[in-house]
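> Quick one: the structure is below, and I'll ask about it shortly.
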Amino acid sequence: MGHLAGPFRAERPLSRRPRGRHWTAVGLAFCAIATTGSAGAQGIWDDPAFALYRQAVEAMDRKDYAKASELSGQAIAQQPTHVLAHYLRGQAAMFQSRWEDAAAAFGKVVELYPGSFAAQRDLAGANEQLNRVDDAARAYEAALALRDEEQLRVRLAFMLLEAGQQPRALPHLQALADRETKVPEVWSTLGRLAYDKSDLAGAEKSFTRAATLRDEGRAWFNLGVVRTRLNDLPGALQAYERAAQHRETREPAQKEVAKVREAMKGPSTGTAPDRAMPGSAPGQPVPSRRY
């Protein structure tokens, strides 16, 4: 009977480009500071560094990223420790896919303000785009220490898996599982890792969770493989029948359904045939990476 669908590769969930309007809320906070005092009096917002930063914010809101970068650079020239200007410059670079410049800007923010979750997170994303896995991992971990967001831990775990650093990724995946994550790719990956270690009970649990969270042919097919190895033929039949309802696994699943039904007619053999990874059955494409 069948192999696990597709060669072992981390099934990375889709992720999104970091949201690009963090500067607006921050800018509004500074507006509130600037308006204190008597009407018509010059406030801090009118000082050169902040005036230039305000213009950079307006450019970002117009999606004029080149102008925002130029104006935030001028603000930094006026005030080198202007944290908001450095962050805005990083955002502008990010939206232009200038990852070296983005990493440098976010790195400066982290240097000036290590407690910034947003800067640590975005520094991690920029370094990941540059394939600086260790630098990205450090920044992701620093961000998680400040605010433990599930999606951030997912991104860190799958980045490490794709970089071949499975031992570093596993604690993050397990932490997500312990919190009953609803990200099916986490459970599918844990299922494959358990299968690779011949932990069939663990693989069955993880693949069941993945298939429950998302009705997907590959998850059902893999669950059928594991249940067959556990000699749970009724359970395997049910999983293969579900896999046969999906185009990407219909043909191999139908073959497995026939084999399982035939096996259920005869006397029990006590042990199901062994399954090896990676398998030959087709699976759906691994989701692409996006930021």
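As shown in the structure tokens, the chain order sets the letters A, B, ...; within each chain, residues go from 1, and ligands are also counted from 1 in the order they appear.
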Skipping near chain neighbours, those fewer than 3 positions away, what residues fall within 7 Å of stretch 169-173 of chain A using only C-alpha atoms, listed as a list of chain:residue names?

A:Arg153, A:Ala157, A:Leu160, A:Leu161, A:Gln165, A:Gln166, A:Leu176, A:Ala177, A:Val186

> Which residue gives the smallest distance to A:Gly107 among A:Val183, A:Ala92, A:Val83, A:Leu230, with only C-alpha atoms counted?

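That would be A:Val83, the residue with the smallest distance to A:Gly107.
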
> Pick the closest to A:Arg214 from A:Gly125, A:Pro184, A:Gly266, A:Gly191: which is it, counting only C-alpha atoms?

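That would be A:Pro184, the residue with the smallest distance to A:Arg214.
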
> Pick out the closest residue to A:Arg192 from this set: A:Ala139, A:Leu123, A:Leu156, A:Leu4. Count only C-alpha atoms.

A:Leu4

> Where does DSSP see helix (DSSP H, G or I) in stretch 189-262 of chain A, if you list the residues as a VMD selection string?

chain A and resid 189 to 196 200 to 213 217 to 229 233 to 243 247 to 262

> Which residues are close to A:Glu204, i.e. within 9 Å by only C-alpha atoms, leaving aside same-chain residues fewer than 5 positions away? Reply as a list of chain:residue names.

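Once the nearby chain positions are removed, what remains is A:Gly191, A:Ala194, A:Tyr195, A:Asp199, A:Arg209, A:Asn222, A:Leu223, A:Gly224, A:Val226, A:Arg227, A:Leu230.
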
> Take the residues just selected and output them with all heavy atoms as a PDB file, in the first residue's frame.


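Final output, selection-v6.pdb:
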ATOM      1  N   GLY A 191       3.689  15.451  11.877  1.00  0.00           N
ATOM      2  CA  GLY A 191       3.364  14.088  11.468  1.00  0.00           C
ATOM      3  C   GLY A 191       4.480  13.456  10.667  1.00  0.00           C
ATOM      4  O   GLY A 191       4.848  12.293  10.882  1.00  0.00           O
ATOM      5  N   ALA A 194       7.445  12.737  12.982  1.00  0.00           N
ATOM      6  CA  ALA A 194       7.170  11.552  13.803  1.00  0.00           C
ATOM      7  C   ALA A 194       7.285  10.283  12.969  1.00  0.00           C
ATOM      8  O   ALA A 194       7.846   9.271  13.417  1.00  0.00           O
ATOM      9  CB  ALA A 194       5.776  11.654  14.429  1.00  0.00           C
ATOM     10  N   TYR A 195       6.767  10.324  11.749  1.00  0.00           N
ATOM     11  CA  TYR A 195       6.849   9.165  10.850  1.00  0.00           C
ATOM     12  C   TYR A 195       8.295   8.798  10.573  1.00  0.00           C
ATOM     13  O   TYR A 195       8.670   7.624  10.555  1.00  0.00           O
ATOM     14  CB  TYR A 195       6.123   9.494   9.548  1.00  0.00           C
ATOM     15  CG  TYR A 195       6.015   8.332   8.590  1.00  0.00           C
ATOM     16  CD1 TYR A 195       4.906   7.490   8.612  1.00  0.00           C
ATOM     17  CD2 TYR A 195       7.010   8.083   7.656  1.00  0.00           C
ATOM     18  CE1 TYR A 195       4.802   6.429   7.737  1.00  0.00           C
ATOM     19  CE2 TYR A 195       6.916   7.017   6.772  1.00  0.00           C
ATOM     20  CZ  TYR A 195       5.813   6.192   6.814  1.00  0.00           C
ATOM     21  OH  TYR A 195       5.709   5.133   5.944  1.00  0.00           O
ATOM     22  N   ASP A 199       7.637   6.894  14.901  1.00  0.00           N
ATOM     23  CA  ASP A 199       6.658   7.137  15.955  1.00  0.00           C
ATOM     24  C   ASP A 199       5.293   7.176  15.281  1.00  0.00           C
ATOM     25  O   ASP A 199       4.744   8.242  14.990  1.00  0.00           O
ATOM     26  CB  ASP A 199       6.970   8.463  16.664  1.00  0.00           C
ATOM     27  CG  ASP A 199       5.934   8.830  17.726  1.00  0.00           C
ATOM     28  OD1 ASP A 199       5.067   7.984  18.035  1.00  0.00           O
ATOM     29  OD2 ASP A 199       5.981   9.986  18.213  1.00  0.00           O
ATOM     30  N   ARG A 209      -4.993  15.533  13.141  1.00  0.00           N
ATOM     31  CA  ARG A 209      -5.237  16.942  13.460  1.00  0.00           C
ATOM     32  C   ARG A 209      -5.145  17.801  12.201  1.00  0.00           C
ATOM     33  O   ARG A 209      -5.968  18.689  11.986  1.00  0.00           O
ATOM     34  CB  ARG A 209      -4.216  17.414  14.492  1.00  0.00           C
ATOM     35  CG  ARG A 209      -4.535  18.779  15.081  1.00  0.00           C
ATOM     36  CD  ARG A 209      -5.618  18.674  16.114  1.00  0.00           C
ATOM     37  NE  ARG A 209      -5.773  19.944  16.826  1.00  0.00           N
ATOM     38  CZ  ARG A 209      -6.804  20.762  16.674  1.00  0.00           C
ATOM     39  NH1 ARG A 209      -7.782  20.449  15.847  1.00  0.00           N
ATOM     40  NH2 ARG A 209      -6.887  21.883  17.355  1.00  0.00           N
ATOM     41  N   ASN A 222      -1.809  10.639   3.739  1.00  0.00           N
ATOM     42  CA  ASN A 222      -0.756  10.303   4.691  1.00  0.00           C
ATOM     43  C   ASN A 222      -1.322   9.645   5.945  1.00  0.00           C
ATOM     44  O   ASN A 222      -0.708   8.734   6.515  1.00  0.00           O
ATOM     45  CB  ASN A 222       0.034  11.558   5.061  1.00  0.00           C
ATOM     46  CG  ASN A 222       0.884  12.065   3.910  1.00  0.00           C
ATOM     47  OD1 ASN A 222       1.153  11.329   2.971  1.00  0.00           O
ATOM     48  ND2 ASN A 222       1.287  13.312   3.977  1.00  0.00           N
ATOM     49  N   LEU A 223      -2.493  10.098   6.356  1.00  0.00           N
ATOM     50  CA  LEU A 223      -3.143   9.458   7.501  1.00  0.00           C
ATOM     51  C   LEU A 223      -3.481   8.007   7.172  1.00  0.00           C
ATOM     52  O   LEU A 223      -3.330   7.110   8.014  1.00  0.00           O
ATOM     53  CB  LEU A 223      -4.405  10.232   7.875  1.00  0.00           C
ATOM     54  CG  LEU A 223      -5.205   9.716   9.072  1.00  0.00           C
ATOM     55  CD1 LEU A 223      -4.348   9.652  10.321  1.00  0.00           C
ATOM     56  CD2 LEU A 223      -6.435  10.600   9.301  1.00  0.00           C
ATOM     57  N   GLY A 224      -3.911   7.757   5.939  1.00  0.00           N
ATOM     58  CA  GLY A 224      -4.181   6.384   5.526  1.00  0.00           C
ATOM     59  C   GLY A 224      -2.939   5.514   5.578  1.00  0.00           C
ATOM     60  O   GLY A 224      -2.984   4.348   6.018  1.00  0.00           O
ATOM     61  N   VAL A 226      -0.283   5.880   7.517  1.00  0.00           N
ATOM     62  CA  VAL A 226       0.088   5.609   8.907  1.00  0.00           C
ATOM     63  C   VAL A 226      -0.872   4.605   9.536  1.00  0.00           C
ATOM     64  O   VAL A 226      -0.442   3.673  10.241  1.00  0.00           O
ATOM     65  CB  VAL A 226       0.108   6.929   9.708  1.00  0.00           C
ATOM     66  CG1 VAL A 226       0.328   6.647  11.194  1.00  0.00           C
ATOM     67  CG2 VAL A 226       1.189   7.856   9.176  1.00  0.00           C
ATOM     68  N   ARG A 227      -2.151   4.743   9.282  1.00  0.00           N
ATOM     69  CA  ARG A 227      -3.114   3.799   9.866  1.00  0.00           C
ATOM     70  C   ARG A 227      -2.928   2.394   9.296  1.00  0.00           C
ATOM     71  O   ARG A 227      -3.141   1.401  10.006  1.00  0.00           O
ATOM     72  CB  ARG A 227      -4.537   4.299   9.614  1.00  0.00           C
ATOM     73  CG  ARG A 227      -4.928   5.470  10.501  1.00  0.00           C
ATOM     74  CD  ARG A 227      -6.314   6.003  10.194  1.00  0.00           C
ATOM     75  NE  ARG A 227      -6.716   7.029  11.164  1.00  0.00           N
ATOM     76  CZ  ARG A 227      -7.823   7.746  11.065  1.00  0.00           C
ATOM     77  NH1 ARG A 227      -8.669   7.546  10.046  1.00  0.00           N
ATOM     78  NH2 ARG A 227      -8.109   8.657  11.972  1.00  0.00           N
ATOM     79  N   LEU A 230      -0.250   0.872  11.177  1.00  0.00           N
ATOM     80  CA  LEU A 230      -0.724   0.525  12.513  1.00  0.00           C
ATOM     81  C   LEU A 230      -1.711  -0.646  12.470  1.00  0.00           C
ATOM     82  O   LEU A 230      -2.242  -1.049  13.512  1.00  0.00           O
ATOM     83  CB  LEU A 230      -1.394   1.743  13.165  1.00  0.00           C
ATOM     84  CG  LEU A 230      -0.458   2.877  13.601  1.00  0.00           C
ATOM     85  CD1 LEU A 230      -1.256   4.137  13.934  1.00  0.00           C
ATOM     86  CD2 LEU A 230       0.380   2.445  14.806  1.00  0.00           C
TER      87      LEU A 230
END
